[in-house]
$ cat final-v2.csv   # CSV, C-alpha atoms and all ligand atoms
chain,number,residue,atom,x,y,z
A,100,MET,CA,235.0,65.9,138.3
A,101,GLN,CA,232.3,64.3,140.4
A,102,PRO,CA,228.9,63.7,138.9
A,103,THR,CA,226.3,66.0,140.3
A,104,ASN,CA,222.5,66.3,140.3
A,105,GLU,CA,220.7,69.5,139.3
A,106,ALA,CA,221.4,71.0,142.7
A,107,GLY,CA,225.1,70.4,142.3
A,108,ASP,CA,225.3,67.9,145.1
A,109,MET,CA,228.1,65.4,145.2
A,110,ARG,CA,227.3,61.9,144.3
A,111,SER,CA,230.6,60.2,143.5
A,112,ASN,CA,232.0,57.3,145.6
A,113,THR,CA,228.5,56.4,146.6
A,114,ILE,CA,227.9,52.8,147.6
A,115,PRO,CA,224.5,51.0,147.9
A,116,SER,CA,223.4,50.9,151.5
A,117,ALA,CA,223.2,47.1,151.3
A,118,ASN,CA,227.0,47.1,150.8
A,119,VAL,CA,227.7,49.0,153.9
A,120,LYS,CA,229.9,46.8,156.0
A,121,MET,CA,228.3,46.2,159.4
A,122,GLY,CA,230.2,46.3,162.6
A,123,THR,CA,233.3,48.2,161.3
A,124,ARG,CA,234.7,51.4,162.6
A,125,MET,CA,234.6,52.9,159.1
A,126,ALA,CA,232.9,56.3,159.2
A,127,HIS,CA,230.4,57.3,156.6
A,128,VAL,CA,228.3,60.4,155.9
A,129,LEU,CA,224.8,60.4,154.4
A,130,VAL,CA,224.6,63.0,151.7
A,131,GLY,CA,221.2,64.2,150.6
A,132,GLY,CA,220.3,65.0,147.1
A,133,ALA,CA,217.6,67.7,146.8
A,134,VAL,CA,217.1,67.4,150.5
A,135,PRO,CA,219.4,68.5,153.3
A,136,VAL,CA,221.9,66.2,154.9
A,137,VAL,CA,219.8,64.1,157.3
A,138,CYS,CA,222.4,62.2,159.2
A,139,CYS,CA,225.6,62.7,160.9
A,140,VAL,CA,228.8,60.6,160.7
A,141,LEU,CA,228.0,57.0,161.4
A,142,LEU,CA,230.4,54.8,163.3
A,143,GLY,CA,229.7,51.1,163.4
A,144,PRO,CA,226.4,49.6,162.2
A,145,ALA,CA,224.1,52.2,160.6
A,146,PRO,CA,220.9,52.6,162.4
A,147,ALA,CA,218.1,50.8,160.6
A,148,SER,CA,216.1,54.0,160.3
A,149,ALA,CA,219.0,55.7,158.4
A,150,GLN,CA,219.3,52.7,156.0
A,151,HIS,CA,215.6,52.7,155.4
A,152,ALA,CA,215.7,56.4,154.7
A,153,ALA,CA,218.5,55.9,152.1
A,154,GLU,CA,216.6,53.1,150.4
A,155,ALA,CA,213.4,55.1,150.3
A,156,ASN,CA,215.1,58.1,148.8
A,157,PRO,CA,217.5,57.2,146.0
A,158,ALA,CA,218.9,60.7,146.1
A,159,MET,CA,220.4,59.9,149.4
A,160,ARG,CA,223.7,58.0,149.5
A,161,VAL,CA,226.3,56.9,152.0
A,162,VAL,CA,229.8,58.1,151.1
A,163,HIS,CA,233.1,57.5,152.6
A,164,ASP,CA,234.4,59.9,155.2
A,165,GLU,CA,237.1,57.8,156.8
A,166,ASP,CA,239.0,60.8,158.3
A,167,ARG,CA,235.8,61.9,160.0
A,168,ASP,CA,235.9,65.6,159.0
A,169,GLY,CA,232.4,65.8,157.4
A,170,LEU,CA,233.8,65.9,153.9
A,171,PRO,CA,233.4,63.0,151.5
A,172,ASP,CA,236.9,61.6,150.9
A,173,ALA,CA,236.3,61.4,147.1
A,174,PHE,CA,235.6,65.2,147.2
A,175,GLU,CA,238.8,65.8,149.1
A,176,GLU,CA,240.7,63.8,146.5
A,177,GLU,CA,239.3,65.9,143.7
A,178,LEU,CA,240.1,69.2,145.4
A,179,LEU,CA,243.7,67.9,146.0
A,180,GLN,CA,244.1,67.2,142.3
A,181,ARG,CA,242.5,70.5,141.3
A,182,PHE,CA,244.8,72.8,143.3
A,183,VAL,CA,248.1,70.8,143.5
A,184,PRO,CA,251.1,73.3,143.0
A,185,SER,CA,254.1,72.8,140.8
A,186,PHE,CA,257.1,72.4,143.0
A,187,MET,CA,260.6,73.6,142.0
A,188,ILE,CA,263.8,72.3,143.6
A,189,SER,CA,267.5,73.0,143.1
A,190,VAL,CA,269.5,70.6,140.9
A,191,GLY,CA,271.9,70.6,143.9
A,192,GLU,CA,269.3,69.4,146.3
A,193,CYS,CA,271.1,67.1,148.7
A,194,ASP,CA,268.1,65.0,149.8
A,195,GLY,CA,266.9,64.2,146.2
A,196,LEU,CA,263.2,64.6,146.1
A,197,PRO,CA,260.2,64.8,148.5
A,198,ALA,CA,259.9,61.4,150.1
A,199,GLU,CA,257.2,58.7,150.3
A,200,PHE,CA,256.8,57.2,153.8
A,201,LEU,CA,255.9,53.7,154.8
A,202,SER,CA,252.2,53.1,154.9
A,203,GLY,CA,251.0,51.7,158.2
A,204,SER,CA,254.2,52.5,160.2
A,205,GLN,CA,253.7,54.3,163.5
A,206,GLU,CA,257.1,56.1,162.9
A,207,PRO,CA,257.9,58.0,159.7
A,208,ARG,CA,260.1,55.8,157.6
A,209,VAL,CA,261.2,56.8,154.1
A,210,VAL,CA,260.5,54.2,151.4
A,211,ALA,CA,261.4,56.3,148.4
A,212,ARG,CA,262.6,59.7,147.4
A,213,ASN,CA,260.2,60.0,144.5
A,214,GLY,CA,258.5,63.4,144.6
A,215,THR,CA,255.4,62.2,146.5
A,216,ILE,CA,253.2,65.1,147.8
A,217,TYR,CA,250.9,64.5,150.7
A,218,GLY,CA,247.6,66.4,151.0
A,219,GLN,CA,245.0,67.4,153.6
A,220,VAL,CA,241.5,68.9,153.1
A,221,PHE,CA,239.2,70.1,155.8
A,222,LYS,CA,236.4,72.5,156.4
A,223,SER,CA,237.2,76.0,157.4
A,224,GLU,CA,234.5,77.6,159.6
A,225,ARG,CA,234.0,81.2,158.5
A,226,SER,CA,230.5,81.9,159.9
A,227,ALA,CA,230.9,85.7,159.3
A,228,TRP,CA,231.8,85.2,155.6
A,229,PRO,CA,229.4,84.2,152.8
A,230,GLY,CA,229.6,80.9,151.1
A,231,ALA,CA,231.4,77.7,152.1
A,232,TRP,CA,235.1,77.4,152.9
A,233,VAL,CA,237.6,74.6,152.8
A,234,GLU,CA,241.4,74.6,153.6
A,235,VAL,CA,243.7,72.5,151.5
A,236,HIS,CA,247.3,71.7,152.5
A,237,TYR,CA,250.1,70.2,150.4
A,238,TYR,CA,253.1,68.7,152.3
A,239,HIS,CA,256.5,68.0,150.8
A,240,LEU,CA,258.1,65.7,153.4
A,241,TRP,CA,261.8,65.0,153.4
A,242,GLY,CA,264.0,62.3,154.8
A,243,ARG,CA,266.4,64.9,156.2
A,244,ASP,CA,267.2,68.6,156.3
A,245,CYS,CA,270.7,68.8,154.9
A,246,GLY,CA,271.2,72.5,155.3
A,247,SER,CA,274.1,74.1,157.2
A,248,LEU,CA,273.5,71.8,160.2
A,249,ALA,CA,271.5,68.8,159.2
A,250,HIS,CA,268.8,66.9,161.0
A,251,ALA,CA,266.6,63.9,160.2
A,252,LEU,CA,263.1,64.4,158.9
A,253,ASP,CA,261.7,67.6,157.6
A,254,VAL,CA,258.0,68.7,157.4
A,255,GLU,CA,257.2,71.5,155.0
A,256,HIS,CA,254.0,72.7,153.4
A,257,VAL,CA,251.9,75.3,151.5
A,258,SER,CA,248.2,75.7,151.8
A,259,THR,CA,245.2,77.4,150.2
A,260,LEU,CA,241.8,78.6,151.3
A,261,VAL,CA,239.2,77.8,148.8
A,262,GLN,CA,235.6,78.9,148.5
A,263,ALA,CA,232.3,77.9,146.8
A,264,GLU,CA,228.8,79.1,147.0
A,265,TYR,CA,227.8,76.1,149.2
A,266,MET,CA,229.5,73.2,150.8
A,267,ARG,CA,228.2,70.5,148.4
A,268,ALA,CA,229.2,72.4,145.3
A,269,PRO,CA,231.1,70.2,142.9
A,270,PRO,CA,234.9,70.5,142.8
A,271,SER,CA,234.9,72.6,139.6
A,272,LYS,CA,232.9,75.3,141.4
A,273,TRP,CA,235.5,75.9,144.1
A,274,LYS,CA,238.0,78.7,143.7
A,275,ALA,CA,241.2,79.4,145.6
A,276,LEU,CA,241.3,82.8,147.2
A,277,TYR,CA,244.5,82.9,149.1
A,278,TRP,CA,247.8,80.9,149.3
A,279,TYR,CA,250.2,80.5,152.2
A,280,ALA,CA,253.8,79.3,152.1
A,281,ALA,CA,255.5,78.1,155.3
A,282,ALA,CA,259.2,79.0,155.6
A,283,HIS,CA,260.9,78.1,158.9
A,284,GLU,CA,257.7,78.4,160.8
A,285,ASP,CA,257.9,79.1,164.5
A,286,THR,CA,261.6,79.9,164.4
A,287,VAL,CA,263.3,83.2,164.7
A,288,CYS,CA,264.0,82.9,161.0
A,289,ASP,CA,260.3,82.6,160.1
A,290,ALA,CA,259.7,83.9,156.6
A,291,SER,CA,256.3,82.5,156.0
A,292,HIS,CA,254.2,84.6,153.7
A,293,GLY,CA,251.0,84.6,151.6
A,294,ALA,CA,249.3,86.2,148.7
A,295,SER,CA,245.9,86.3,147.0
A,296,ALA,CA,245.3,83.7,144.3
A,297,GLU,CA,244.8,86.6,141.9
A,298,THR,CA,248.4,87.8,142.6
A,299,LEU,CA,249.7,84.3,141.8
A,300,ASP,CA,247.3,83.5,139.0
A,301,ALA,CA,246.3,80.4,141.0
A,302,GLY,CA,242.6,80.6,141.5
A,303,ASP,CA,241.7,77.5,139.5
A,304,GLY,CA,244.9,75.5,140.0
A,305,GLY,CA,248.1,75.5,142.0
A,306,PRO,CA,250.9,78.1,141.8
A,307,THR,CA,254.6,77.4,141.3
A,308,ILE,CA,256.4,76.9,144.7
A,309,TRP,CA,260.2,77.4,145.1
A,310,ILE,CA,261.8,75.1,147.7
A,311,SER,CA,265.1,76.2,149.1
A,312,ARG,CA,268.0,73.9,148.7
A,313,GLY,CA,268.7,71.7,151.7
A,314,LYS,CA,266.4,73.6,154.1
A,315,HIS,CA,263.2,73.0,152.1
A,316,ALA,CA,261.4,76.2,153.0
A,317,SER,CA,258.5,77.1,150.6
A,318,PHE,CA,258.4,80.3,148.7
A,319,LEU,CA,255.7,81.8,146.4
A,320,SER,CA,258.4,83.4,144.3
A,321,GLU,CA,262.0,82.8,143.4
A,322,GLU,CA,263.0,86.3,144.7
A,323,ARG,CA,261.5,85.6,148.1
A,324,CYS,CA,263.8,82.6,148.6
A,325,ARG,CA,266.5,84.8,150.0
A,326,TRP,CA,264.4,85.7,153.0
A,327,GLY,CA,264.6,83.7,156.2
A,328,CYS,CA,267.9,84.9,157.7
A,329,GLY,CA,269.6,84.8,154.4
A,330,GLY,CA,270.2,81.1,154.7
A,331,ASP,CA,268.0,80.0,151.8
A,332,ARG,CA,269.1,79.4,148.2
A,333,CYS,CA,267.0,78.7,145.1
A,334,ASP,CA,269.7,78.1,142.5
A,335,GLU,CA,269.3,76.2,139.2
A,336,MET,CA,265.8,75.2,139.8
A,337,ILE,CA,264.0,72.3,138.1
A,338,ARG,CA,260.5,71.0,138.4
A,339,VAL,CA,259.7,68.1,140.7
A,340,PRO,CA,258.3,65.2,138.7
A,341,ARG,CA,254.8,64.7,140.1
A,342,GLU,CA,254.6,61.1,141.4
A,343,LYS,CA,251.3,61.2,143.3
A,344,VAL,CA,249.3,63.2,145.8
A,345,ILE,CA,248.2,61.1,148.8
A,346,ASN,CA,245.5,62.3,151.3
A,347,LEU,CA,246.9,62.1,154.8
A,348,GLY,CA,243.5,62.4,156.5
A,349,GLU,CA,243.2,64.2,159.7
A,350,PRO,CA,245.1,64.1,163.1
A,351,GLY,CA,243.8,61.0,164.9
A,352,ALA,CA,242.1,59.8,161.7
A,353,PRO,CA,244.7,59.1,159.1
A,354,LEU,CA,244.0,58.0,155.5
A,355,ASN,CA,246.0,55.7,153.3
A,356,GLY,CA,248.0,54.2,156.1
A,357,ALA,CA,249.5,57.6,157.2
A,358,VAL,CA,249.4,56.7,160.8
A,359,TRP,CA,252.9,58.3,161.2
A,360,ILE,CA,251.2,61.8,161.2
A,361,ASP,CA,250.8,61.6,164.9
A,362,ALA,CA,254.4,60.5,165.6
A,363,THR,CA,256.4,62.6,168.0
A,364,ALA,CA,259.5,62.3,165.8
A,365,TRP,CA,258.4,65.3,163.8
A,366,PRO,CA,256.0,68.3,164.1
A,367,MET,CA,253.6,66.9,161.6
A,368,ALA,CA,250.3,67.1,163.6
A,369,VAL,CA,250.8,70.8,164.4
A,370,LYS,CA,251.3,71.6,160.7
A,371,MET,CA,247.9,70.1,160.1
A,372,GLN,CA,246.1,72.9,161.9
A,373,SER,CA,244.7,75.9,160.1
A,374,ASP,CA,247.1,78.4,158.5
A,375,PHE,CA,244.4,81.0,158.0
A,376,SER,CA,243.5,82.7,161.3
A,377,ASN,CA,241.4,85.8,161.2
A,378,LEU,CA,244.5,87.9,161.6
A,379,VAL,CA,246.2,86.2,158.6
A,380,LEU,CA,243.1,86.7,156.5
A,381,ALA,CA,242.9,90.4,157.5
A,382,ARG,CA,246.5,90.9,156.3
A,383,LEU,CA,245.9,89.1,153.1
A,384,GLN,CA,242.7,91.0,152.4
A,385,ASN,CA,244.4,94.3,153.1
A,386,ALA,CA,247.4,93.6,150.8
A,387,ALA,CA,247.7,95.8,147.7
A,388,PRO,CA,247.0,94.1,144.3
A,389,GLY,CA,250.0,92.0,143.4
A,390,GLN,CA,251.6,92.2,146.8
A,391,THR,CA,252.9,89.2,148.8
A,392,VAL,CA,252.8,89.8,152.5
A,393,ALA,CA,254.9,88.4,155.4
A,394,LEU,CA,252.8,86.3,157.8
A,395,SER,CA,255.3,85.5,160.5
A,396,GLY,CA,253.7,87.9,162.9
A,397,MET,CA,255.5,91.2,162.5
A,398,ARG,CA,258.7,91.1,160.6
A,399,GLN,CA,261.4,91.5,163.2
A,400,PRO,CA,263.9,94.4,163.1
A,401,TRP,CA,266.8,92.0,163.3
A,402,GLN,CA,265.6,90.2,160.2
A,403,ALA,CA,265.7,93.4,158.2
A,404,MET,CA,269.2,94.1,159.6
A,405,ILE,CA,270.5,90.8,158.4
A,406,LEU,CA,269.1,91.3,154.9
A,407,THR,CA,270.1,95.0,154.5
A,408,GLY,CA,273.5,94.3,156.0
A,409,GLY,CA,274.2,91.5,153.5
A,410,SER,CA,275.3,89.4,156.4
A,411,THR,CA,274.6,85.7,156.5
A,412,ALA,CA,272.7,83.9,159.3
A,413,GLY,CA,275.8,82.0,160.2
A,414,ALA,CA,277.8,85.2,160.7
A,415,VAL,CA,275.1,86.7,162.9
A,416,ALA,CA,274.8,83.5,164.9
A,417,THR,CA,278.5,83.2,165.6
A,418,SER,CA,278.8,85.9,168.2
A,419,ASN,CA,277.2,89.0,169.5
A,420,GLN,CA,280.3,90.9,168.3
A,421,GLN,CA,279.5,90.1,164.7
A,422,THR,CA,275.8,90.8,165.3
A,423,GLY,CA,276.9,94.3,166.3
A,424,LYS,CA,278.7,94.6,163.0
A,425,ALA,CA,275.5,93.7,161.1
A,426,VAL,CA,273.6,96.3,163.1
A,427,SER,CA,276.1,99.0,162.2
A,428,VAL,CA,276.0,98.1,158.5
A,429,ALA,CA,272.3,98.2,158.5
A,430,GLY,CA,271.9,101.2,160.8
A,431,THR,CA,271.1,103.8,158.2
A,432,SER,CA,268.2,101.8,156.8
A,433,THR,CA,266.5,100.5,159.9
A,434,GLY,CA,266.0,103.9,161.6
A,435,SER,CA,262.8,103.2,163.5
A,436,ALA,CA,264.0,99.7,164.6
A,437,LEU,CA,267.2,101.1,166.0
A,438,ALA,CA,265.6,104.2,167.6
A,439,THR,CA,264.9,102.2,170.8
A,440,SER,CA,267.4,102.2,173.6
A,441,ALA,CA,270.7,100.5,173.3
A,442,GLU,CA,269.7,98.3,176.2
A,443,LYS,CA,266.6,97.0,174.5
A,444,VAL,CA,268.4,96.4,171.2
A,445,GLY,CA,271.1,94.6,173.1
A,446,LYS,CA,268.6,92.3,174.8
A,447,SER,CA,266.8,91.7,171.5
A,448,LEU,CA,269.9,90.8,169.6
A,449,GLY,CA,271.0,88.5,172.4
A,450,ARG,CA,267.9,86.5,172.0
A,451,THR,CA,268.2,86.8,168.3
A,452,SER,CA,271.7,85.4,168.0
A,453,ARG,CA,270.8,82.5,170.3
A,454,GLY,CA,267.6,81.9,168.2
A,455,VAL,CA,269.4,82.0,164.9
A,456,TRP,CA,272.1,79.6,166.3
A,457,ASN,CA,269.4,77.2,167.5
A,458,PHE,CA,267.7,77.5,164.2
A,459,LEU,CA,270.8,76.5,162.3
A,460,ARG,CA,271.3,73.6,164.7
A,461,GLY,CA,268.0,72.3,163.7
A,462,ARG,CA,266.3,73.1,167.1
A,463,LYS,CA,263.2,74.5,165.6
A,501,CA,CA,236.7,63.2,154.8
A,502,CA,CA,240.2,65.6,155.4
$ encode --input "final-v2.csv" --output "structure tokens"
Amino acid sequence: MQPTNEAGDMRSNTIPSANVKMGTRMAHVLVGGAVPVVCCVLLGPAPASAQHAAEANPAMRVVHDEDRDGLPDAFEEELLQRFVPSFMISVGECDGLPAEFLSGSQEPRVVARNGTIYGQVFKSERSAWPGAWVEVHYYHLWGRDCGSLAHALDVEHVSTLVQAEYMRAPPSKWKALYWYAAAHEDTVCDASHGASAETLDAGDGGPTIWISRGKHASFLSEERCRWGCGGDRCDEMIRVPREKVINLGEPGAPLNGAVWIDATAWPMAVKMQSDFSNLVLARLQNAAPGQTVALSGMRQPWQAMILTGGSTAGAVATSNQQTGKAVSVAGTSTGSALATSAEKVGKSLGRTSRGVWNFLRGRK
């Protein structure tokens, strides 16, 4: 926990102003004690007036903010440690463990499959809501997706929205309110979902996350693992030994040598955007106590068909003829979805089968 003053302001990772390295591109933030923040992020030599102000007021310090998001990096580190989930994988996982990537490399290169988790912390602007809000992401990155049709590199993550009374509250005062788990995001098999921290008993720490074998989708419960076109499996699960949590920084401003976050070889940068739109938050807020809700837009009728029909994604993707079988099997339980005209259903399923096939081919 970071030491605080009576007002609860963060003080850790402070450095005397005399030690501020002049002429570097390192970013810093001046944090006030009992007074408000008086200066913005500084790039290059600190203005003499700011240095003098810091020297005149010992409550004011310069803290590291190398990823230039307005949050002291030491504070980000403490939040990452506070809320890190416990990840479960299958004993039959074909890619071993989440990977550590080469620091300083422009392209993502695996250096070890050792269970490393990468993190990201940034402010969440919620002007209409009381208090201060921060979003925390946890990435499990893989050398390869070795599901039904494999491809190199795999970016997966979960995230949480945390709140405190005010932005400079110490890490112990922050509470997780909602959790989000990404599962085949932005594909036709999107099974991403979320739940309140209360539902998961994860307001003061991380929840347990189930990672599907080979495909690496994240699930907030073991039962939910069969969602996502029926291609996910969570069999014989074991806990990932926690190696370390490394802060990635922000897109365009990496930390810890994670310059590969902006590589085009994988969709890393896009996963670093907020998961908690106002629409997502509204759904989470309206969920019944104990309920986990789908957050992939609307759950598509075809996805219900696949699940209720007991058909696998592979079978559905093989041909439209087999897709038709799945529809007939599921017909009794998807009434409203199938009440539309045959033409519309046909078009929808045509797109669906192509989409599922592309998904299985790794064309996310
Ligand atoms: Ca920062
Ligand atoms: Ca950050």
$ atom_distance --input "final-v2.csv" --atom1 "atom CA of Gly195 of chain A" --atom2 "atom CA of Ala362 of chain A"
23.4 Å
$ closest_residue --input "final-v2.csv" --among "A:Ser189, A:Asn346, A:Ser226, A:Thr363" --to "Ser311 of chain A" --atoms "all atoms listed in the file"
A:Ser189
$ residues_near_ligand --input "final-v2.csv" --ligand "ligand CA 502 (chain A)" --cutoff "9 Å" --atoms "only C-alpha atoms and all ligand atoms" --output "count of residues only"
23
$ residues_around --input "final-v2.csv" --residues "Trp228 of chain A" --least-positions-apart "3" --cutoff "12 Å" --atoms "all atoms listed in the file" --output "PDB file with C-alpha atoms, in the frame of the given file"
ATOM      1  CA  SER A 223     237.200  76.000 157.400  1.00  0.00           C
ATOM      2  CA  GLU A 224     234.500  77.600 159.600  1.00  0.00           C
ATOM      3  CA  ARG A 225     234.000  81.200 158.500  1.00  0.00           C
ATOM      4  CA  ALA A 231     231.400  77.700 152.100  1.00  0.00           C
ATOM      5  CA  TRP A 232     235.100  77.400 152.900  1.00  0.00           C
ATOM      6  CA  GLN A 262     235.600  78.900 148.500  1.00  0.00           C
ATOM      7  CA  ALA A 263     232.300  77.900 146.800  1.00  0.00           C
ATOM      8  CA  GLU A 264     228.800  79.100 147.000  1.00  0.00           C
ATOM      9  CA  TYR A 265     227.800  76.100 149.200  1.00  0.00           C
ATOM     10  CA  ASN A 377     241.400  85.800 161.200  1.00  0.00           C
ATOM     11  CA  LEU A 380     243.100  86.700 156.500  1.00  0.00           C
TER      12      LEU A 380
END
$ atom_distance --input "final-v2.csv" --atom1 "atom CA of His250 of chain A" --atom2 "atom CA of Ala316 of chain A"
14.3 Å
$ closest_residue --input "final-v2.csv" --among "A:Ile360, A:Leu179, A:Val344, A:Cys245" --to "Asp331 of chain A" --atoms "all atoms listed in the file"
A:Cys245
$ closest_residue --input "final-v2.csv" --among "A:Gly389, A:Pro229, A:Gly329, A:Gly313" --to "Pro197 of chain A" --atoms "all atoms listed in the file"
A:Gly313
$ atom_distance --input "final-v2.csv" --atom1 "atom CA of Arg341 of chain A" --atom2 "atom CA of Val369 of chain A"
25.4 Å
$ closest_residue --input "final-v2.csv" --among "A:Glu206, A:Asp285, A:Asp303, A:Asp194" --to "Arg181 of chain A" --atoms "all atoms listed in the file"
A:Asp303
$ closest_residue --input "final-v2.csv" --among "A:Gly214, A:Gly191, A:Pro350, A:Gly302" --to "ligand CA 501 (chain A)" --atoms "only C-alpha atoms and all ligand atoms"
A:Pro350
$ closest_residue --input "final-v2.csv" --among "A:Glu335, A:Glu255, A:Glu192, A:Asp374" --to "Glu321 of chain A" --atoms "all atoms listed in the file"
A:Glu335
$ residues_around --input "final-v2.csv" --residues "Val261 of chain A" --least-positions-apart "5" --cutoff "8 Å" --atoms "only C-alpha atoms" --output "list in words"
Trp232, Val233, Glu234, Val235, Trp273, Lys274, Ala275, Leu276 and Tyr277 of chain A
$ residues_near_point --input "final-v2.csv" --point "(254.5, 79.0, 162.2)" --cutoff "10 Å" --atoms "only C-alpha atoms" --output "list in words"
Ala281, Ala282, His283, Glu284, Asp285, Thr286, Asp289, Ala290, Ser291, Val369, Lys370, Asp374, Leu394, Ser395 and Gly396 of chain A
